[in-house]
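Have a look at my_file38.txt below; it lists compact mmCIF, C-alpha atoms.
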# COMPACT_ATOMS: atom_id res chain seq x y z
CA GLY L 1 1.20 -5.03 -20.33
CA ALA L 2 0.24 -7.24 -17.45
CA GLY L 3 0.14 -5.83 -13.97
CA VAL L 4 1.31 -7.42 -10.74
CA SER L 5 -0.35 -10.77 -10.18
CA GLN L 6 -0.70 -12.70 -6.94
CA THR L 7 -1.75 -16.25 -6.30
CA PRO L 8 -3.81 -17.58 -4.71
CA SER L 9 -6.40 -14.84 -4.35
CA ASN L 10 -7.72 -16.51 -1.22
CA LYS L 11 -6.14 -19.01 1.09
CA VAL L 12 -7.76 -20.67 4.08
CA THR L 13 -5.49 -22.74 6.28
CA GLU L 14 -5.52 -24.29 9.69
CA LYS L 15 -3.50 -22.96 12.57
CA GLY L 16 -0.01 -24.45 12.55
CA LYS L 17 0.14 -25.11 8.81
CA TYR L 18 2.68 -23.78 6.32
CA VAL L 19 1.63 -21.47 3.46
CA GLU L 20 3.27 -19.95 0.43
CA LEU L 21 2.03 -16.82 -1.29
CA ARG L 22 3.26 -15.97 -4.77
CA CYS L 23 3.86 -12.63 -6.45
CA ASP L 24 4.61 -12.06 -10.12
CA PRO L 25 5.76 -8.45 -10.60
CA ILE L 26 5.59 -6.30 -13.68
CA SER L 27 8.22 -7.40 -16.16
CA GLY L 28 11.40 -5.39 -15.85
CA HIS L 29 10.65 -4.02 -12.39
CA THR L 30 13.69 -4.54 -10.21
CA ALA L 31 12.12 -3.57 -6.91
CA LEU L 32 9.53 -5.77 -5.21
CA TYR L 33 7.73 -5.17 -1.93
CA TRP L 34 5.50 -7.19 0.36
CA TYR L 35 2.94 -5.52 2.63
CA ARG L 36 0.35 -6.87 5.03
CA GLN L 37 -3.01 -5.20 5.54
CA SER L 38 -5.26 -5.99 8.46
CA LEU L 39 -8.93 -5.09 8.47
CA GLY L 40 -9.49 -1.37 8.81
CA GLN L 41 -5.80 -0.54 8.57
CA GLY L 42 -3.44 0.67 5.89
CA PRO L 43 -0.80 -1.64 4.42
CA GLU L 44 2.26 -2.27 6.59
CA PHE L 45 5.66 -2.91 5.07
CA LEU L 46 7.11 -6.40 5.44
CA ILE L 47 10.09 -6.79 3.11
CA TYR L 48 11.71 -5.25 0.07
CA PHE L 49 13.81 -6.84 -2.67
CA GLN L 50 16.14 -5.11 -5.06
CA GLY L 51 16.86 -7.76 -7.65
CA THR L 52 17.35 -11.13 -5.99
CA GLY L 53 18.41 -9.95 -2.56
CA ALA L 54 16.25 -8.91 0.35
CA ALA L 55 17.51 -5.39 0.91
CA ASP L 56 15.34 -4.81 3.94
CA ASP L 57 13.33 -7.39 5.88
CA SER L 58 12.83 -5.26 8.96
CA GLY L 59 9.05 -5.41 8.65
CA LEU L 60 8.78 -9.18 8.96
CA PRO L 61 7.02 -9.75 12.30
CA ASN L 62 9.04 -12.78 13.39
CA ASP L 63 11.13 -15.68 12.10
CA ARG L 64 8.06 -17.61 10.96
CA PHE L 65 7.96 -15.28 7.97
CA PHE L 66 10.42 -15.60 5.12
CA ALA L 67 10.47 -14.44 1.51
CA VAL L 68 12.59 -15.27 -1.51
CA ARG L 69 13.09 -13.95 -5.01
CA PRO L 70 15.63 -16.37 -6.48
CA GLU L 71 15.75 -15.11 -10.07
CA GLY L 72 14.93 -11.48 -9.47
CA SER L 73 11.39 -11.76 -10.75
CA VAL L 74 8.77 -13.93 -9.02
CA SER L 75 8.75 -13.78 -5.24
CA THR L 76 7.29 -16.15 -2.67
CA LEU L 77 6.31 -15.18 0.87
CA LYS L 78 6.46 -18.17 3.17
CA ILE L 79 4.76 -18.41 6.56
CA GLN L 80 5.51 -21.31 8.88
CA ARG L 81 3.34 -22.51 11.77
CA THR L 82 0.58 -20.07 10.91
CA GLU L 83 -1.32 -18.37 13.70
CA ARG L 84 -4.78 -16.81 13.68
CA GLY L 85 -3.15 -13.40 14.01
CA ASP L 86 -1.53 -13.90 10.60
CA SER L 87 -4.94 -13.55 8.97
CA ALA L 88 -4.79 -10.51 6.69
CA VAL L 89 -4.52 -9.47 3.07
CA TYR L 90 -0.96 -9.82 1.82
CA LEU L 91 -0.13 -7.32 -0.89
CA CYS L 92 2.76 -7.36 -3.30
CA ALA L 93 3.98 -4.32 -5.22
CA SER L 94 6.73 -3.62 -7.72
CA SER L 95 8.42 -0.54 -9.10
CA PRO L 96 11.03 0.14 -11.78
CA SER L 97 13.58 1.02 -9.13
CA ALA L 98 13.69 1.63 -5.43
CA THR L 99 15.40 4.97 -5.71
CA GLY L 100 13.96 8.29 -6.68
CA GLY L 101 10.55 7.86 -5.11
CA TYR L 102 8.79 5.84 -7.77
CA GLU L 103 5.15 4.92 -7.46
CA GLN L 104 4.52 1.32 -6.53
CA TYR L 105 2.21 -0.91 -8.55
CA PHE L 106 0.16 -3.20 -6.38
CA GLY L 107 -1.26 -6.62 -7.05
CA PRO L 108 -4.80 -7.63 -6.02
CA GLY L 109 -3.54 -9.30 -2.86
CA THR L 110 -3.95 -12.69 -1.25
CA ARG L 111 -6.50 -12.91 1.53
CA LEU L 112 -5.12 -15.33 4.11
CA THR L 113 -7.47 -16.76 6.71
CA VAL L 114 -6.06 -18.92 9.48
CA THR L 115 -8.71 -20.93 11.28
CA SER R 116 3.99 0.83 12.62
CA GLN R 117 1.92 3.32 10.69
CA GLN R 118 3.09 6.86 10.54
CA GLY R 119 0.35 8.75 8.79
CA GLU R 120 -3.11 9.64 9.85
CA GLU R 121 -5.91 10.46 7.48
CA ASP R 122 -8.72 12.73 8.40
CA PRO R 123 -11.62 12.17 8.33
CA GLN R 124 -11.82 8.42 8.83
CA ALA R 125 -15.05 8.36 6.82
CA LEU R 126 -16.69 10.85 4.49
CA SER R 127 -20.10 10.65 2.82
CA ILE R 128 -21.08 13.12 0.10
CA GLN R 129 -23.49 13.50 -2.81
CA GLU R 130 -22.46 13.01 -6.40
CA GLY R 131 -21.14 16.25 -7.87
CA GLU R 132 -19.79 17.57 -4.58
CA ASN R 133 -16.12 17.95 -3.81
CA ALA R 134 -14.35 15.66 -1.35
CA THR R 135 -11.36 16.74 0.71
CA MET R 136 -9.20 14.33 2.66
CA ASN R 137 -6.26 15.27 4.85
CA CYS R 138 -3.15 13.39 5.83
CA SER R 139 -0.49 14.04 8.44
CA TYR R 140 2.88 12.35 8.76
CA LYS R 141 5.62 12.39 11.35
CA THR R 142 9.08 12.29 9.80
CA SER R 143 10.75 14.06 6.91
CA ILE R 144 9.81 12.79 3.48
CA ASN R 145 11.12 12.54 -0.05
CA ASN R 146 7.65 12.25 -1.50
CA LEU R 147 4.06 11.67 -0.55
CA GLN R 148 1.71 9.46 -2.52
CA TRP R 149 -2.03 8.92 -2.56
CA TYR R 150 -3.60 5.56 -3.36
CA ARG R 151 -7.17 4.34 -3.80
CA GLN R 152 -8.41 0.94 -2.73
CA ASN R 153 -11.67 -0.71 -3.69
CA SER R 154 -13.16 -3.54 -1.67
CA GLY R 155 -10.08 -4.05 0.51
CA ARG R 156 -7.88 -5.44 -2.24
CA GLY R 157 -5.24 -3.98 -4.56
CA LEU R 158 -4.25 -0.35 -4.32
CA VAL R 159 -4.21 1.97 -7.31
CA HIS R 160 -1.69 4.79 -7.41
CA LEU R 161 -3.33 8.20 -7.87
CA ILE R 162 -0.67 10.85 -7.57
CA LEU R 163 2.84 11.46 -6.24
CA ILE R 164 4.03 14.81 -4.95
CA ARG R 165 7.67 15.43 -4.13
CA SER R 166 8.86 17.25 -1.04
CA ASN R 167 9.90 20.31 -3.07
CA GLU R 168 6.44 20.63 -4.63
CA ARG R 169 3.48 22.39 -3.03
CA GLU R 170 0.63 21.47 -5.32
CA LYS R 171 -0.08 18.99 -8.07
CA HIS R 172 -3.06 18.30 -10.30
CA SER R 173 -4.18 15.22 -12.16
CA GLY R 174 -7.61 15.32 -13.80
CA ARG R 175 -10.16 15.86 -11.04
CA LEU R 176 -7.52 15.38 -8.35
CA ARG R 177 -5.63 18.13 -6.60
CA VAL R 178 -2.98 17.41 -4.00
CA THR R 179 -1.26 19.90 -1.75
CA LEU R 180 1.75 19.38 0.46
CA ASP R 181 2.86 21.48 3.41
CA THR R 182 6.16 20.11 4.68
CA SER R 183 6.32 22.67 7.50
CA LYS R 184 3.10 21.22 8.92
CA LYS R 185 3.87 17.67 7.76
CA SER R 186 0.50 17.48 6.09
CA SER R 187 -1.09 16.88 2.73
CA SER R 188 -4.59 17.09 1.33
CA LEU R 189 -6.36 15.36 -1.53
CA LEU R 190 -9.24 17.12 -3.23
CA ILE R 191 -11.53 15.24 -5.60
CA THR R 192 -13.72 17.63 -7.55
CA ALA R 193 -17.13 16.84 -9.04
CA SER R 194 -17.25 13.45 -7.34
CA ARG R 195 -18.88 10.43 -8.94
CA ALA R 196 -20.35 7.28 -7.46
CA ALA R 197 -17.38 5.41 -8.94
CA ASP R 198 -15.07 7.41 -6.65
CA THR R 199 -16.43 5.44 -3.68
CA ALA R 200 -13.38 3.75 -2.18
CA SER R 201 -10.81 3.98 0.60
CA TYR R 202 -8.08 6.54 0.08
CA PHE R 203 -4.64 6.23 1.64
CA CYS R 204 -1.72 8.57 1.86
CA ALA R 205 1.73 7.04 1.97
CA SER R 206 4.87 8.85 2.91
CA GLY R 207 8.12 7.95 1.20
CA GLY R 208 11.44 8.76 2.80
CA SER R 209 14.86 8.88 1.22
CA ASN R 210 14.67 5.12 1.11
CA TYR R 211 12.19 2.95 -0.70
CA LYS R 212 9.62 2.32 2.03
CA LEU R 213 6.11 3.64 1.94
CA THR R 214 4.44 4.24 5.27
CA PHE R 215 0.67 4.22 4.96
CA GLY R 216 -2.00 5.84 7.08
CA LYS R 217 -5.23 4.14 8.09
CA GLY R 218 -7.19 5.62 5.23
CA THR R 219 -10.36 7.59 4.61
CA LEU R 220 -13.47 5.72 3.49
CA LEU R 221 -15.23 7.89 0.92
CA THR R 222 -18.82 7.17 -0.02
CA VAL R 223 -20.32 9.09 -2.93
CA ASN R 224 -24.08 8.78 -3.03
CA PRO R 225 -25.79 8.94 -6.42
Just dump the structure as structure tokens.
Amino acid sequence: GAGVSQTPSNKVTEKGKYVELRCDPISGHTALYWYRQSLGQGPEFLIYFQGTGAADDSGLPNDRFFAVRPEGSVSTLKIQRTERGDSAVYLCASSPSATGGYEQYFGPGTRLTVT
Amino acid sequence: SQQGEEDPQALSIQEGENATMNCSYKTSINNLQWYRQNSGRGLVHLILIRSNEREKHSGRLRVTLDTSKKSSSLLITASRAADTASYFCASGGSNYKLTFGKGTLLTVNP
């Protein structure tokens, strides 16, 4: 079956603009995660959904970042008033469940560049 | 913040040699996972070892876990040029979060 997909693969935006990044998880996976990876670093957790609700958004850096998953499948990460420091690869992952230590299946990521 | 640290940061070997990467973490875990990443994009899950396991094998991969030392190692035997990638360990607690290290960049020269 299809893996996790993310669109767009690349996004270049000007400082101060609003962007939306989309994640389409593996069908049937109830848990969905967003991570951010800066150059030379490992992924850092942003937010986790179990079903439609954001169970933990403690990794979001500030209130410019927001994510939704209205129907428990596709998720959108929204960044307002983008800053150059937001430039990174944004990774989405899904797993069958959040409990029990399941492996996470990652999408190819969206490379965001804020100029 | 990142919890784990991989060692070494970079490793260059010849095809056919074995590659060993180490990982340390700071808090108690439920499981530890290793991922591979090519060209800075999506991560591919390699292996998961639970806190009550000490060693696990998958093909040419061997992972060990020492919870008393809060460390893990990944051994890739008979390396191939296609193994060239960044390798990350990720610690999983009793919750759902994965905390990644900074990774080891492995280069396998043909």
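For chain R, the residues within 9 Å of chain L are Ser116, Gln117, Asn145, Asn146, Leu147, Gln148, Gly155, Arg156, Gly157, Leu158, Val159, His160, Ile162, Leu163, Arg165, Phe203, Gly207, Gly208, Ser209, Asn210, Tyr211, Lys212, Leu213, Thr214, Phe215, Gly216, Lys217 and Gly218 of chain R, with all atoms listed in the file used to measure distance.
Here CA of Trp149 (chain R) and CA of Ser187 (chain R) stand 9.6 Å from one another.
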Nearest-residue call for Ala193 (chain R), choices R:Leu221, R:Leu161, R:Met136, R:Leu176, using all atoms listed in the file: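 Looking only at the distances to Ala193 (chain R), the closest residue turns out to be R:Leu176.
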Gly72 (chain L) environment, 10 Å, all atoms listed in the file, sequence neighbours closer than 4 positions dropped, as a list of chain:residue names: L:Pro25, L:Gly28, L:His29, L:Thr30, L:Ala31, L:Leu32, L:Phe49, L:Gln50, L:Gly51, L:Thr52, L:Gly53, L:Val68
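Minimum distance to Ile26 (chain L) across L:Ala55, L:Val12, L:Arg81, L:Val74 (counting only C-alpha atoms) occurs at L:Val74.
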Shortest interatomic distance to Asp63 (chain L) - which of L:Ser75, L:Arg36, L:Gln80, L:Ser87, counting only C-alpha atoms: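 So, comparing all the options, the nearest one is L:Gln80.
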Protein and nucleic acid residues near (-22.6, 9.4, -3.0) (cut-off 10 Å, all atoms listed in the file) as an mmCIF file with C-alpha atoms, keeping the file's coordinate frame:
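The result, written out as part.cif:
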data_model
loop_
_atom_site.group_PDB
_atom_site.id
_atom_site.type_symbol
_atom_site.label_atom_id
_atom_site.label_comp_id
_atom_site.auth_asym_id
_atom_site.auth_seq_id
_atom_site.Cartn_x
_atom_site.Cartn_y
_atom_site.Cartn_z
ATOM 1 C CA LEU R 126 -16.690 10.850 4.490
ATOM 2 C CA SER R 127 -20.100 10.650 2.820
ATOM 3 C CA ILE R 128 -21.080 13.120 0.100
ATOM 4 C CA GLN R 129 -23.490 13.500 -2.810
ATOM 5 C CA GLU R 130 -22.460 13.010 -6.400
ATOM 6 C CA GLY R 131 -21.140 16.250 -7.870
ATOM 7 C CA GLU R 132 -19.790 17.570 -4.580
ATOM 8 C CA SER R 194 -17.250 13.450 -7.340
ATOM 9 C CA ARG R 195 -18.880 10.430 -8.940
ATOM 10 C CA ALA R 196 -20.350 7.280 -7.460
ATOM 11 C CA ALA R 197 -17.380 5.410 -8.940
ATOM 12 C CA ASP R 198 -15.070 7.410 -6.650
ATOM 13 C CA THR R 199 -16.430 5.440 -3.680
ATOM 14 C CA LEU R 221 -15.230 7.890 0.920
ATOM 15 C CA THR R 222 -18.820 7.170 -0.020
ATOM 16 C CA VAL R 223 -20.320 9.090 -2.930
ATOM 17 C CA ASN R 224 -24.080 8.780 -3.030
ATOM 18 C CA PRO R 225 -25.790 8.940 -6.420
#
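Interatomic distance, CA of Ala2 (chain L) to CA of Ala200 (chain R): 23.2 Å.
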Nearest to Gly85 (chain L), chosen from L:Ala54, L:Val114, L:Cys23, L:Ala67, with all atoms listed in the file counted in the distances: L:Val114
Å distance separating CA of Gly174 (chain R) from CA of Ser186 (chain R), one decimal place: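 So the two atoms, CA of Gly174 (chain R) and CA of Ser186 (chain R), lie 21.6 Å apart.
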Find the axis-aligned box for region 142-148 of chain R, covering all its listed atoms and adding 3 Å on each side, and write its centre and edge lengths in Å to one decimal as AutoDock Vina command-line options.
--center_x 6.4 --center_y 11.8 --center_z 3.6 --size_x 15.4 --size_y 10.6 --size_z 18.3
